[in-house]
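Colleague: Here you go, this is input-v1.cif (mmCIF, C-alpha atoms).
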```cif
data_run
#
loop_
_atom_site.label_atom_id
_atom_site.label_comp_id
_atom_site.auth_asym_id
_atom_site.auth_seq_id
_atom_site.Cartn_x
_atom_site.Cartn_y
_atom_site.Cartn_z
CA MET X 1 10.63 -87.14 -79.15
CA SER X 2 8.77 -90.27 -77.99
CA TYR X 3 10.02 -91.13 -74.52
CA LYS X 4 9.69 -94.53 -72.88
CA ILE X 5 8.01 -94.32 -69.47
CA TYR X 6 7.53 -97.16 -66.97
CA LEU X 7 4.64 -96.69 -64.52
CA VAL X 8 4.39 -98.81 -61.36
CA GLU X 9 1.00 -98.44 -59.63
CA ASP X 10 -0.88 -101.32 -57.96
CA ASP X 11 -4.34 -99.72 -58.20
CA GLN X 12 -5.65 -100.98 -61.54
CA ASN X 13 -8.08 -98.10 -62.05
CA LEU X 14 -5.51 -95.40 -61.29
CA ASN X 15 -2.93 -97.27 -63.34
CA ASP X 16 -5.25 -97.24 -66.36
CA ILE X 17 -6.14 -93.55 -65.95
CA LEU X 18 -2.54 -92.37 -65.60
CA SER X 19 -1.40 -94.56 -68.46
CA SER X 20 -4.12 -93.11 -70.70
CA TYR X 21 -3.11 -89.53 -69.95
CA LEU X 22 0.58 -90.27 -70.51
CA LYS X 23 -0.05 -92.06 -73.82
CA LYS X 24 -2.06 -89.09 -75.10
CA GLU X 25 1.21 -87.11 -75.00
CA GLY X 26 2.74 -89.53 -77.50
CA TRP X 27 4.92 -91.31 -74.96
CA GLU X 28 5.48 -95.07 -74.94
CA VAL X 29 4.09 -96.29 -71.62
CA LYS X 30 4.57 -99.70 -69.99
CA THR X 31 2.65 -100.36 -66.78
CA PHE X 32 3.16 -102.68 -63.82
CA LEU X 33 0.87 -103.59 -60.94
CA LYS X 34 3.57 -105.17 -58.76
CA GLY X 35 7.08 -104.19 -57.85
CA GLU X 36 8.56 -107.57 -58.74
CA MET X 37 7.16 -107.29 -62.26
CA ALA X 38 8.85 -103.90 -62.65
CA ARG X 39 12.06 -105.15 -61.07
CA GLU X 40 12.51 -107.64 -63.89
CA LYS X 41 12.53 -104.77 -66.43
CA ILE X 42 15.04 -102.46 -64.74
CA THR X 43 17.77 -103.44 -67.20
CA ALA X 44 15.60 -102.11 -70.07
CA GLU X 45 16.46 -98.58 -68.82
CA PRO X 46 13.39 -96.51 -69.79
CA ASP X 47 13.67 -92.73 -70.00
CA LEU X 48 11.60 -92.25 -66.84
CA TRP X 49 10.14 -94.29 -63.98
CA ILE X 50 6.96 -93.30 -62.10
CA LEU X 51 6.84 -95.32 -58.87
CA ASP X 52 4.12 -95.78 -56.30
CA ILE X 53 5.81 -96.17 -52.93
CA MET X 54 3.20 -98.53 -51.46
CA LEU X 55 3.15 -101.77 -53.46
CA PRO X 56 1.86 -105.23 -52.52
CA ASP X 57 5.29 -106.88 -52.64
CA ILE X 58 8.46 -104.75 -52.68
CA ASP X 59 8.10 -101.02 -52.11
CA GLY X 60 9.12 -98.10 -54.31
CA PHE X 61 12.13 -97.29 -52.13
CA GLN X 62 13.66 -100.68 -52.85
CA LEU X 63 12.91 -100.28 -56.54
CA ILE X 64 14.54 -96.86 -56.84
CA SER X 65 17.69 -98.19 -55.17
CA GLU X 66 17.97 -100.88 -57.83
CA ILE X 67 17.05 -98.48 -60.66
CA LYS X 68 19.78 -96.04 -59.60
CA LYS X 69 22.25 -98.89 -59.25
CA GLN X 70 21.54 -99.84 -62.86
CA ASN X 71 21.78 -96.22 -64.11
CA ASP X 72 22.10 -93.33 -61.68
CA ASN X 73 21.02 -90.87 -64.40
CA THR X 74 17.54 -92.35 -64.86
CA PRO X 75 14.91 -89.87 -63.55
CA VAL X 76 12.25 -91.07 -61.10
CA ILE X 77 8.96 -89.56 -59.93
CA PHE X 78 7.46 -90.94 -56.70
CA ILE X 79 3.72 -91.04 -55.99
CA SER X 80 2.29 -91.97 -52.61
CA ALA X 81 -0.74 -91.74 -50.35
CA ARG X 82 1.32 -92.09 -47.16
CA ASP X 83 2.89 -89.40 -44.96
CA ALA X 84 3.78 -86.88 -47.66
CA ASP X 85 6.62 -85.09 -45.86
CA LEU X 86 8.35 -88.26 -44.70
CA ASP X 87 8.06 -90.00 -48.08
CA ARG X 88 9.23 -86.88 -49.91
CA ILE X 89 12.34 -86.61 -47.75
CA ILE X 90 13.21 -90.30 -48.01
CA GLY X 91 12.56 -90.21 -51.74
CA LEU X 92 14.91 -87.26 -52.23
CA GLU X 93 17.58 -89.00 -50.18
CA LYS X 94 17.32 -92.02 -52.45
CA GLY X 95 17.58 -89.92 -55.61
CA SER X 96 14.01 -89.23 -56.73
CA ASP X 97 13.55 -86.17 -58.98
CA ASP X 98 9.96 -85.29 -58.05
CA TYR X 99 7.12 -86.35 -55.75
CA LEU X 100 3.32 -86.25 -55.97
CA ALA X 101 1.05 -86.90 -52.99
CA LYS X 102 -2.24 -88.69 -53.66
CA PRO X 103 -4.83 -87.67 -54.58
CA PHE X 104 -3.55 -85.63 -57.50
CA SER X 105 -4.80 -84.63 -60.93
CA PRO X 106 -3.51 -86.77 -63.82
CA ARG X 107 -2.89 -83.51 -65.68
CA GLU X 108 -0.53 -82.40 -62.91
CA LEU X 109 1.45 -85.62 -63.35
CA VAL X 110 1.65 -84.99 -67.10
CA ILE X 111 2.93 -81.45 -66.50
CA ARG X 112 5.55 -82.66 -64.04
CA VAL X 113 6.65 -85.40 -66.43
CA LYS X 114 7.01 -82.86 -69.24
CA ASN X 115 9.07 -80.54 -67.07
CA LEU X 116 11.33 -83.34 -65.84
CA LEU X 117 11.89 -84.80 -69.31
CA LYS X 118 12.70 -81.34 -70.63
CA ARG X 119 15.15 -80.74 -67.80
CA VAL X 120 16.90 -84.07 -68.27
CA TYR X 121 16.73 -84.61 -72.03
CA GLY X 122 15.55 -81.36 -73.57
CA LYS X 123 18.72 -79.97 -75.15
CA LYS X 124 18.35 -78.79 -78.72
CA ASP X 125 20.01 -80.96 -81.35
CA GLU X 126 22.71 -78.42 -82.10
CA GLU X 127 23.49 -78.17 -78.39
CA GLN X 128 23.81 -81.87 -77.68
CA SER X 129 27.56 -81.64 -77.20
CA CYS X 130 30.09 -78.88 -76.71
CA SER X 131 33.66 -78.24 -75.60
CA TYR X 132 34.45 -76.35 -72.44
CA ALA X 133 37.71 -75.99 -70.46
CA GLY X 134 39.24 -79.09 -72.01
CA TYR X 135 36.12 -81.21 -71.51
CA LEU X 136 33.65 -82.58 -74.05
CA ILE X 137 30.15 -82.32 -72.59
CA ASP X 138 27.67 -84.68 -74.25
CA PHE X 139 24.22 -83.50 -73.14
CA LYS X 140 22.29 -86.24 -74.94
CA GLY X 141 24.44 -89.05 -73.58
CA ARG X 142 24.91 -87.23 -70.25
CA ARG X 143 28.68 -87.82 -70.41
CA VAL X 144 31.73 -85.71 -69.76
CA VAL X 145 35.06 -86.62 -71.38
CA LYS X 146 38.48 -85.20 -70.52
CA LYS X 147 39.58 -84.60 -74.11
CA GLU X 148 43.37 -84.73 -73.87
CA GLU X 149 43.18 -88.04 -71.98
CA ASN X 150 40.11 -89.37 -73.83
CA ARG X 151 38.81 -90.35 -70.41
CA ASP X 152 35.21 -90.41 -69.20
CA ILE X 153 34.56 -88.56 -65.96
CA GLU X 154 31.83 -90.20 -63.92
CA LEU X 155 29.20 -87.73 -62.68
CA THR X 156 26.09 -88.49 -60.68
CA ALA X 157 22.72 -87.39 -62.09
CA LYS X 158 22.61 -84.32 -59.84
CA GLU X 159 26.21 -83.37 -60.66
CA PHE X 160 25.43 -83.48 -64.37
CA ASP X 161 22.20 -81.51 -63.88
CA LEU X 162 24.16 -78.83 -62.04
CA LEU X 163 26.82 -78.73 -64.76
CA GLY X 164 24.15 -78.34 -67.43
CA PHE X 165 22.36 -75.56 -65.55
CA LEU X 166 25.59 -73.64 -64.93
CA PHE X 167 26.62 -74.06 -68.57
CA ASP X 168 23.22 -72.84 -69.81
CA ASN X 169 23.78 -69.69 -67.74
CA LEU X 170 27.44 -68.93 -68.46
CA GLN X 171 28.56 -65.64 -66.91
CA ASN X 172 25.32 -65.33 -64.91
CA ALA X 173 25.30 -65.34 -61.10
CA LEU X 174 22.85 -68.00 -59.91
CA SER X 175 21.42 -68.03 -56.41
CA ARG X 176 21.26 -71.19 -54.34
CA GLU X 177 17.47 -71.00 -54.61
CA GLN X 178 17.63 -70.95 -58.42
CA ILE X 179 19.98 -73.91 -58.45
CA ILE X 180 17.77 -75.90 -56.06
CA LYS X 181 14.68 -75.23 -58.17
CA ASN X 182 16.36 -76.31 -61.40
CA VAL X 183 18.39 -79.25 -60.10
CA TRP X 184 16.19 -80.67 -57.30
CA GLY X 185 12.80 -79.29 -58.36
CA ASP X 186 10.11 -77.32 -56.56
CA ASN X 187 9.44 -80.04 -54.00
CA TYR X 188 12.86 -79.98 -52.34
CA TYR X 189 12.75 -79.48 -48.58
CA GLY X 190 15.97 -78.93 -46.70
CA SER X 191 19.00 -76.71 -46.32
CA ASP X 192 20.32 -74.77 -49.29
CA ARG X 193 23.78 -75.91 -48.20
CA VAL X 194 23.15 -79.02 -50.27
CA VAL X 195 24.11 -76.77 -53.21
CA ASP X 196 27.52 -76.04 -51.69
CA ASP X 197 28.21 -79.75 -51.29
CA LEU X 198 27.20 -80.48 -54.88
CA VAL X 199 29.38 -77.64 -56.21
CA ARG X 200 32.32 -78.90 -54.14
CA ARG X 201 31.97 -82.38 -55.64
CA LEU X 202 31.68 -81.00 -59.19
CA ARG X 203 34.76 -78.81 -58.74
CA LYS X 204 36.72 -81.81 -57.50
CA LYS X 205 35.75 -83.91 -60.53
CA LEU X 206 36.12 -81.05 -63.05
CA PRO X 207 38.99 -78.93 -61.69
CA GLU X 208 39.43 -77.06 -65.01
CA ALA X 209 35.84 -75.81 -64.99
CA LYS X 210 35.70 -72.20 -63.83
CA ILE X 211 32.97 -72.17 -61.19
CA GLU X 212 33.16 -69.01 -59.10
CA THR X 213 31.61 -68.42 -55.71
CA VAL X 214 29.38 -65.35 -55.57
CA TYR X 215 29.58 -64.64 -51.84
CA GLY X 216 26.26 -64.21 -50.11
CA HIS X 217 24.40 -65.31 -53.24
CA GLY X 218 25.47 -68.49 -55.02
CA TYR X 219 27.69 -69.48 -57.94
CA ARG X 220 28.64 -68.56 -61.48
CA MET X 221 30.35 -70.49 -64.27
CA VAL X 222 32.55 -68.27 -66.42
CA LYS X 223 33.80 -68.63 -69.96
CA GLN X 224 37.21 -70.13 -70.70
#
```
In C-alpha coordinates, write the structure found in this file.
Modeller:
Amino acid sequence: MSYKIYLVEDDQNLNDILSSYLKKEGWEVKTFLKGEMAREKITAEPDLWILDIMLPDIDGFQLISEIKKQNDNTPVIFISARDADLDRIIGLEKGSDDYLAKPFSPRELVIRVKNLLKRVYGKKDEEQSCSYAGYLIDFKGRRVVKKEENRDIELTAKEFDLLGFLFDNLQNALSREQIIKNVWGDNYYGSDRVVDDLVRRLRKKLPEAKIETVYGHGYRMVKQ
(Lines of atoms letter the chains of each structure in order from A and count residues from 1; the text may use other names and numbers.)
(Lines give C-alpha, C1' and ligand atoms only; values in the text may rest on other atoms or scores of the structure.)
Protein backbone atom coordinates (compact mmCIF):
# COMPACT_ATOMS: atom_id res chain seq x y z
CA MET A 1 0.00 0.00 0.00
CA SER A 2 1.23 3.52 -0.84
CA TYR A 3 1.00 5.60 2.32
CA LYS A 4 0.94 9.39 2.41
CA ILE A 5 3.64 10.81 4.68
CA TYR A 6 4.13 14.47 5.64
CA LEU A 7 7.68 15.40 6.69
CA VAL A 8 8.38 18.66 8.55
CA GLU A 9 12.12 19.44 8.76
CA ASP A 10 13.61 22.95 8.42
CA ASP A 11 17.09 21.80 7.35
CA GLN A 12 16.84 21.68 3.56
CA ASN A 13 19.64 19.15 3.12
CA LEU A 14 18.29 16.74 5.73
CA ASN A 15 14.77 17.28 4.42
CA ASP A 16 15.89 16.25 0.92
CA ILE A 17 17.82 13.20 2.16
CA LEU A 18 14.99 11.87 4.33
CA SER A 19 12.43 12.52 1.63
CA SER A 20 14.54 10.59 -0.89
CA TYR A 21 14.83 7.56 1.38
CA LEU A 22 11.10 7.57 2.16
CA LYS A 23 10.11 7.88 -1.51
CA LYS A 24 12.31 4.89 -2.40
CA GLU A 25 9.91 2.78 -0.31
CA GLY A 26 7.05 3.74 -2.63
CA TRP A 27 5.44 6.16 -0.20
CA GLU A 28 3.93 9.49 -1.23
CA VAL A 29 5.95 12.14 0.59
CA LYS A 30 5.15 15.83 1.01
CA THR A 31 7.76 17.99 2.71
CA PHE A 32 7.65 21.26 4.65
CA LEU A 33 10.43 23.55 5.84
CA LYS A 34 8.28 25.58 8.25
CA GLY A 35 5.66 24.67 10.78
CA GLU A 36 3.13 27.18 9.48
CA MET A 37 3.31 25.61 6.02
CA ALA A 38 2.56 22.20 7.53
CA ARG A 39 -0.17 23.62 9.75
CA GLU A 40 -2.16 24.64 6.70
CA LYS A 41 -2.25 20.98 5.54
CA ILE A 42 -3.35 19.32 8.78
CA THR A 43 -6.89 18.87 7.48
CA ALA A 44 -5.52 16.72 4.62
CA GLU A 45 -4.94 13.96 7.22
CA PRO A 46 -1.93 12.04 5.86
CA ASP A 47 -1.24 8.51 7.09
CA LEU A 48 1.80 9.64 9.08
CA TRP A 49 3.52 12.84 10.22
CA ILE A 50 7.28 13.10 10.85
CA LEU A 51 7.91 16.27 12.85
CA ASP A 52 11.10 18.07 13.76
CA ILE A 53 10.57 19.65 17.17
CA MET A 54 12.78 22.69 16.54
CA LEU A 55 11.31 24.77 13.73
CA PRO A 56 11.87 28.43 12.81
CA ASP A 57 8.28 29.48 13.55
CA ILE A 58 5.97 27.18 15.53
CA ASP A 59 7.47 24.10 17.14
CA GLY A 60 6.61 20.43 16.69
CA PHE A 61 4.81 20.26 20.04
CA GLN A 62 2.28 22.84 18.90
CA LEU A 63 1.85 21.03 15.60
CA ILE A 64 1.19 17.64 17.18
CA SER A 65 -1.47 19.17 19.42
CA GLU A 66 -3.32 20.46 16.37
CA ILE A 67 -2.77 17.21 14.41
CA LYS A 68 -4.24 15.14 17.26
CA LYS A 69 -7.13 17.58 17.59
CA GLN A 70 -7.92 17.00 13.91
CA ASN A 71 -7.58 13.19 14.19
CA ASP A 72 -6.30 11.57 17.36
CA ASN A 73 -5.56 8.33 15.46
CA THR A 74 -2.95 9.88 13.15
CA PRO A 75 0.51 8.49 14.03
CA VAL A 76 3.41 10.90 14.61
CA ILE A 77 7.18 10.41 14.78
CA PHE A 78 9.23 13.16 16.43
CA ILE A 79 12.83 13.98 15.47
CA SER A 80 14.99 16.39 17.43
CA ALA A 81 18.54 17.48 18.19
CA ARG A 82 17.62 18.89 21.61
CA ASP A 83 17.64 17.20 25.03
CA ALA A 84 16.62 13.71 23.98
CA ASP A 85 15.12 12.52 27.27
CA LEU A 86 13.09 15.67 27.87
CA ASP A 87 11.78 15.85 24.30
CA ARG A 88 10.94 12.14 24.28
CA ILE A 89 8.91 12.45 27.48
CA ILE A 90 7.05 15.57 26.36
CA GLY A 91 6.44 13.99 22.96
CA LEU A 92 4.93 10.86 24.51
CA GLU A 93 2.72 12.99 26.74
CA LYS A 94 1.41 14.80 23.68
CA GLY A 95 0.69 11.55 21.83
CA SER A 96 3.75 10.86 19.65
CA ASP A 97 4.24 7.23 18.61
CA ASP A 98 8.03 7.23 18.24
CA TYR A 99 11.08 9.46 18.66
CA LEU A 100 14.47 9.72 16.96
CA ALA A 101 17.33 11.81 18.34
CA LYS A 102 19.62 13.52 15.82
CA PRO A 103 21.93 12.50 14.33
CA PHE A 104 20.36 9.30 13.08
CA SER A 105 20.63 7.11 10.01
CA PRO A 106 17.95 7.69 7.35
CA ARG A 107 17.64 3.90 7.14
CA GLU A 108 16.72 3.79 10.83
CA LEU A 109 13.92 6.27 10.16
CA VAL A 110 12.67 4.12 7.28
CA ILE A 111 12.65 1.03 9.52
CA ARG A 112 10.76 2.85 12.26
CA VAL A 113 8.25 4.20 9.75
CA LYS A 114 7.67 0.69 8.38
CA ASN A 115 7.14 -0.73 11.85
CA LEU A 116 4.75 2.05 12.86
CA LEU A 117 2.71 1.85 9.65
CA LYS A 118 2.47 -1.90 10.05
CA ARG A 119 1.34 -1.54 13.64
CA VAL A 120 -1.29 1.06 12.83
CA TYR A 121 -2.52 0.00 9.38
CA GLY A 122 -1.08 -3.44 8.71
CA LYS A 123 -4.10 -5.72 9.14
CA LYS A 124 -4.63 -8.23 6.37
CA ASP A 125 -7.57 -7.56 4.08
CA GLU A 126 -9.59 -10.47 5.41
CA GLU A 127 -9.01 -9.24 8.96
CA GLN A 128 -10.05 -5.64 8.42
CA SER A 129 -13.23 -6.08 10.44
CA CYS A 130 -14.62 -8.65 12.83
CA SER A 131 -17.32 -9.17 15.44
CA TYR A 132 -16.50 -9.64 19.09
CA ALA A 133 -18.70 -9.51 22.21
CA GLY A 134 -21.43 -7.54 20.47
CA TYR A 135 -19.00 -5.06 18.90
CA LEU A 136 -17.97 -4.61 15.27
CA ILE A 137 -14.24 -3.83 15.17
CA ASP A 138 -13.17 -2.11 11.95
CA PHE A 139 -9.36 -2.32 11.88
CA LYS A 140 -8.94 -0.39 8.63
CA GLY A 141 -11.19 2.47 9.70
CA ARG A 142 -10.04 2.17 13.34
CA ARG A 143 -13.66 2.21 14.53
CA VAL A 144 -15.65 0.22 17.05
CA VAL A 145 -19.44 -0.01 16.73
CA LYS A 146 -21.88 -1.32 19.33
CA LYS A 147 -23.89 -3.48 16.95
CA GLU A 148 -27.28 -3.70 18.65
CA GLU A 149 -27.38 0.10 19.05
CA ASN A 150 -25.55 0.87 15.77
CA ARG A 151 -23.52 3.32 17.80
CA ASP A 152 -19.87 4.30 17.33
CA ILE A 153 -17.72 4.06 20.45
CA GLU A 154 -15.02 6.70 20.50
CA LEU A 155 -11.57 5.29 21.32
CA THR A 156 -8.30 7.16 21.49
CA ALA A 157 -5.42 5.98 19.30
CA LYS A 158 -3.76 4.16 22.20
CA GLU A 159 -7.04 2.55 23.31
CA PHE A 160 -7.58 1.18 19.81
CA ASP A 161 -3.96 -0.01 19.58
CA LEU A 162 -4.42 -1.89 22.85
CA LEU A 163 -7.70 -3.42 21.66
CA GLY A 164 -6.05 -4.58 18.44
CA PHE A 165 -3.07 -6.10 20.25
CA LEU A 166 -5.28 -7.93 22.75
CA PHE A 167 -7.52 -9.19 19.95
CA ASP A 168 -4.52 -10.42 17.94
CA ASN A 169 -3.51 -12.46 20.99
CA LEU A 170 -6.85 -13.86 22.13
CA GLN A 171 -6.48 -16.31 25.02
CA ASN A 172 -2.80 -15.38 25.50
CA ALA A 173 -1.54 -13.78 28.71
CA LEU A 174 0.36 -10.61 27.82
CA SER A 175 2.80 -8.95 30.18
CA ARG A 176 2.78 -5.23 30.79
CA GLU A 177 6.18 -5.07 29.09
CA GLN A 178 4.79 -6.73 25.94
CA ILE A 179 1.87 -4.34 25.87
CA ILE A 180 4.11 -1.29 26.31
CA LYS A 181 6.40 -2.43 23.49
CA ASN A 182 3.54 -3.00 21.07
CA VAL A 183 1.34 -0.03 22.00
CA TRP A 184 3.87 2.66 22.99
CA GLY A 185 6.96 1.37 21.18
CA ASP A 186 10.51 0.65 22.28
CA ASN A 187 11.23 4.25 23.25
CA TYR A 188 8.70 4.49 26.06
CA TYR A 189 10.17 5.62 29.38
CA GLY A 190 8.02 5.56 32.47
CA SER A 191 5.99 3.37 34.78
CA ASP A 192 4.34 0.23 33.47
CA ARG A 193 1.25 1.31 35.41
CA VAL A 194 0.32 3.32 32.34
CA VAL A 195 -0.92 -0.05 31.01
CA ASP A 196 -3.31 -0.45 33.94
CA ASP A 197 -4.80 2.98 33.29
CA LEU A 198 -5.26 2.25 29.59
CA VAL A 199 -6.92 -1.11 30.32
CA ARG A 200 -9.23 0.55 32.84
CA ARG A 201 -10.34 3.10 30.24
CA LEU A 202 -10.87 0.40 27.59
CA ARG A 203 -12.93 -1.73 29.97
CA LYS A 204 -15.10 1.27 30.80
CA LYS A 205 -15.77 2.00 27.12
CA LEU A 206 -16.18 -1.67 26.11
CA PRO A 207 -17.76 -3.34 29.15
CA GLU A 208 -18.76 -6.46 27.17
CA ALA A 209 -15.16 -7.17 26.15
CA LYS A 210 -13.69 -9.93 28.30
CA ILE A 211 -10.34 -8.54 29.44
CA GLU A 212 -8.98 -10.53 32.36
CA THR A 213 -6.31 -9.47 34.80
CA VAL A 214 -3.42 -11.93 35.06
CA TYR A 215 -2.19 -11.03 38.54
CA GLY A 216 1.50 -10.32 38.80
CA HIS A 217 1.87 -10.42 35.01
CA GLY A 218 -0.53 -8.42 32.86
CA TYR A 219 -3.77 -9.00 30.95
CA ARG A 220 -5.55 -11.42 28.66
CA MET A 221 -8.53 -11.04 26.33
CA VAL A 222 -10.63 -14.19 26.16
CA LYS A 223 -13.03 -15.49 23.55
CA GLN A 224 -16.77 -14.83 23.80
Colleague: What's the 12 Å shell around Lys4 in chain X, counting all atoms listed in the file, without same-chain residues fewer than 3 positions away, as a count of residues only?
Modeller: 23
Colleague: Contacts of Gly91 in chain X at 10 Å or less, counting all atoms listed in the file, minus same-chain residues fewer than 2 places along, as a PyMOL selection string?
Modeller: chain X and resi 53+60-61+64+76-79+85-89+93-99
Colleague: Convert the current residue selection to file output with C-alpha atoms, as a PDB file, keeping the file's coordinate frame.
Modeller:
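Dumped to again_26.pdb:
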```
ATOM      1  CA  ILE X  53       5.810 -96.170 -52.930  1.00  0.00           C
ATOM      2  CA  GLY X  60       9.120 -98.100 -54.310  1.00  0.00           C
ATOM      3  CA  PHE X  61      12.130 -97.290 -52.130  1.00  0.00           C
ATOM      4  CA  ILE X  64      14.540 -96.860 -56.840  1.00  0.00           C
ATOM      5  CA  VAL X  76      12.250 -91.070 -61.100  1.00  0.00           C
ATOM      6  CA  ILE X  77       8.960 -89.560 -59.930  1.00  0.00           C
ATOM      7  CA  PHE X  78       7.460 -90.940 -56.700  1.00  0.00           C
ATOM      8  CA  ILE X  79       3.720 -91.040 -55.990  1.00  0.00           C
ATOM      9  CA  ASP X  85       6.620 -85.090 -45.860  1.00  0.00           C
ATOM     10  CA  LEU X  86       8.350 -88.260 -44.700  1.00  0.00           C
ATOM     11  CA  ASP X  87       8.060 -90.000 -48.080  1.00  0.00           C
ATOM     12  CA  ARG X  88       9.230 -86.880 -49.910  1.00  0.00           C
ATOM     13  CA  ILE X  89      12.340 -86.610 -47.750  1.00  0.00           C
ATOM     14  CA  GLU X  93      17.580 -89.000 -50.180  1.00  0.00           C
ATOM     15  CA  LYS X  94      17.320 -92.020 -52.450  1.00  0.00           C
ATOM     16  CA  GLY X  95      17.580 -89.920 -55.610  1.00  0.00           C
ATOM     17  CA  SER X  96      14.010 -89.230 -56.730  1.00  0.00           C
ATOM     18  CA  ASP X  97      13.550 -86.170 -58.980  1.00  0.00           C
ATOM     19  CA  ASP X  98       9.960 -85.290 -58.050  1.00  0.00           C
ATOM     20  CA  TYR X  99       7.120 -86.350 -55.750  1.00  0.00           C
TER      21      TYR X  99
END
```
Colleague: Any chance you could work out the residue set of the PyMOL selection byres ((chain X and resi 221) around 7) here, as a list in words?
Modeller: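 Here the PyMOL selection byres ((chain X and resi 221) around 7) matches Leu166, Phe167, Leu170, Gln171, Lys210, Ile211, Glu212, Tyr219, Arg220, Val222 and Lys223 of chain X.
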Colleague: Pull C-alpha atoms from the residues just selected and write them as an mmCIF file, in the coordinates of the input.
Modeller:
```cif
data_model
loop_
_atom_site.group_PDB
_atom_site.id
_atom_site.type_symbol
_atom_site.label_atom_id
_atom_site.label_comp_id
_atom_site.auth_asym_id
_atom_site.auth_seq_id
_atom_site.Cartn_x
_atom_site.Cartn_y
_atom_site.Cartn_z
ATOM 1 C CA LEU X 166 25.590 -73.640 -64.930
ATOM 2 C CA PHE X 167 26.620 -74.060 -68.570
ATOM 3 C CA LEU X 170 27.440 -68.930 -68.460
ATOM 4 C CA GLN X 171 28.560 -65.640 -66.910
ATOM 5 C CA LYS X 210 35.700 -72.200 -63.830
ATOM 6 C CA ILE X 211 32.970 -72.170 -61.190
ATOM 7 C CA GLU X 212 33.160 -69.010 -59.100
ATOM 8 C CA TYR X 219 27.690 -69.480 -57.940
ATOM 9 C CA ARG X 220 28.640 -68.560 -61.480
ATOM 10 C CA VAL X 222 32.550 -68.270 -66.420
ATOM 11 C CA LYS X 223 33.800 -68.630 -69.960
#
```
Colleague: For CA of Ile180 in chain X and CA of Lys114 in chain X, quote the distance in Å rounded to one decimal.
Modeller: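 Going from CA of Ile180 in chain X over to CA of Lys114 in chain X covers 18.4 Å.
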Colleague: Which residues come within 9 Å of Val120 in chain X, counting all atoms listed in the file, excluding same-chain residues fewer than 6 positions away, as an MDAnalysis selection string?
Modeller: chainID X and resid 73:75 139:140 142 161
Colleague: Which residue is closest to Glu154 in chain X? Choose from X:Lys41, X:Phe104, X:Asp72, X:Ser80 and count all atoms listed in the file.
Modeller: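 Of the candidates, the smallest distance to Glu154 in chain X is held by X:Asp72.
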Colleague: What's around Val199 in chain X at 10 Å? Count all atoms listed in the file, leave out sequence neighbours fewer than 3 positions away in its own chain, and write the answer as a PDB file with C-alpha atoms, keeping the file's coordinate frame.
Modeller:
```pdb
ATOM      1  CA  GLU X 159      26.210 -83.370 -60.660  1.00  0.00           C
ATOM      2  CA  LEU X 162      24.160 -78.830 -62.040  1.00  0.00           C
ATOM      3  CA  LEU X 163      26.820 -78.730 -64.760  1.00  0.00           C
ATOM      4  CA  ARG X 193      23.780 -75.910 -48.200  1.00  0.00           C
ATOM      5  CA  VAL X 194      23.150 -79.020 -50.270  1.00  0.00           C
ATOM      6  CA  VAL X 195      24.110 -76.770 -53.210  1.00  0.00           C
ATOM      7  CA  ASP X 196      27.520 -76.040 -51.690  1.00  0.00           C
ATOM      8  CA  LEU X 202      31.680 -81.000 -59.190  1.00  0.00           C
ATOM      9  CA  ARG X 203      34.760 -78.810 -58.740  1.00  0.00           C
ATOM     10  CA  LYS X 204      36.720 -81.810 -57.500  1.00  0.00           C
ATOM     11  CA  LYS X 205      35.750 -83.910 -60.530  1.00  0.00           C
ATOM     12  CA  ILE X 211      32.970 -72.170 -61.190  1.00  0.00           C
ATOM     13  CA  GLU X 212      33.160 -69.010 -59.100  1.00  0.00           C
ATOM     14  CA  THR X 213      31.610 -68.420 -55.710  1.00  0.00           C
ATOM     15  CA  TYR X 219      27.690 -69.480 -57.940  1.00  0.00           C
TER      16      TYR X 219
END
```
Colleague: Give the answer as one residue: which of X:Asn150, X:Asn169, X:Asn187, X:Gln62 has the shortest atom-to-atom distance to Ala38 in chain X, using only C-alpha atoms?
Modeller: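 Residue with the minimum atom-to-atom distance to Ala38 in chain X: X:Gln62.
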Colleague: Care to translate the PyMOL selection byres ((chain X and resi 33) around 10) into actual residues of this file, as a ChimeraX atom specification?
Modeller: /X:7-12,15,31-32,34-38,52,55-57
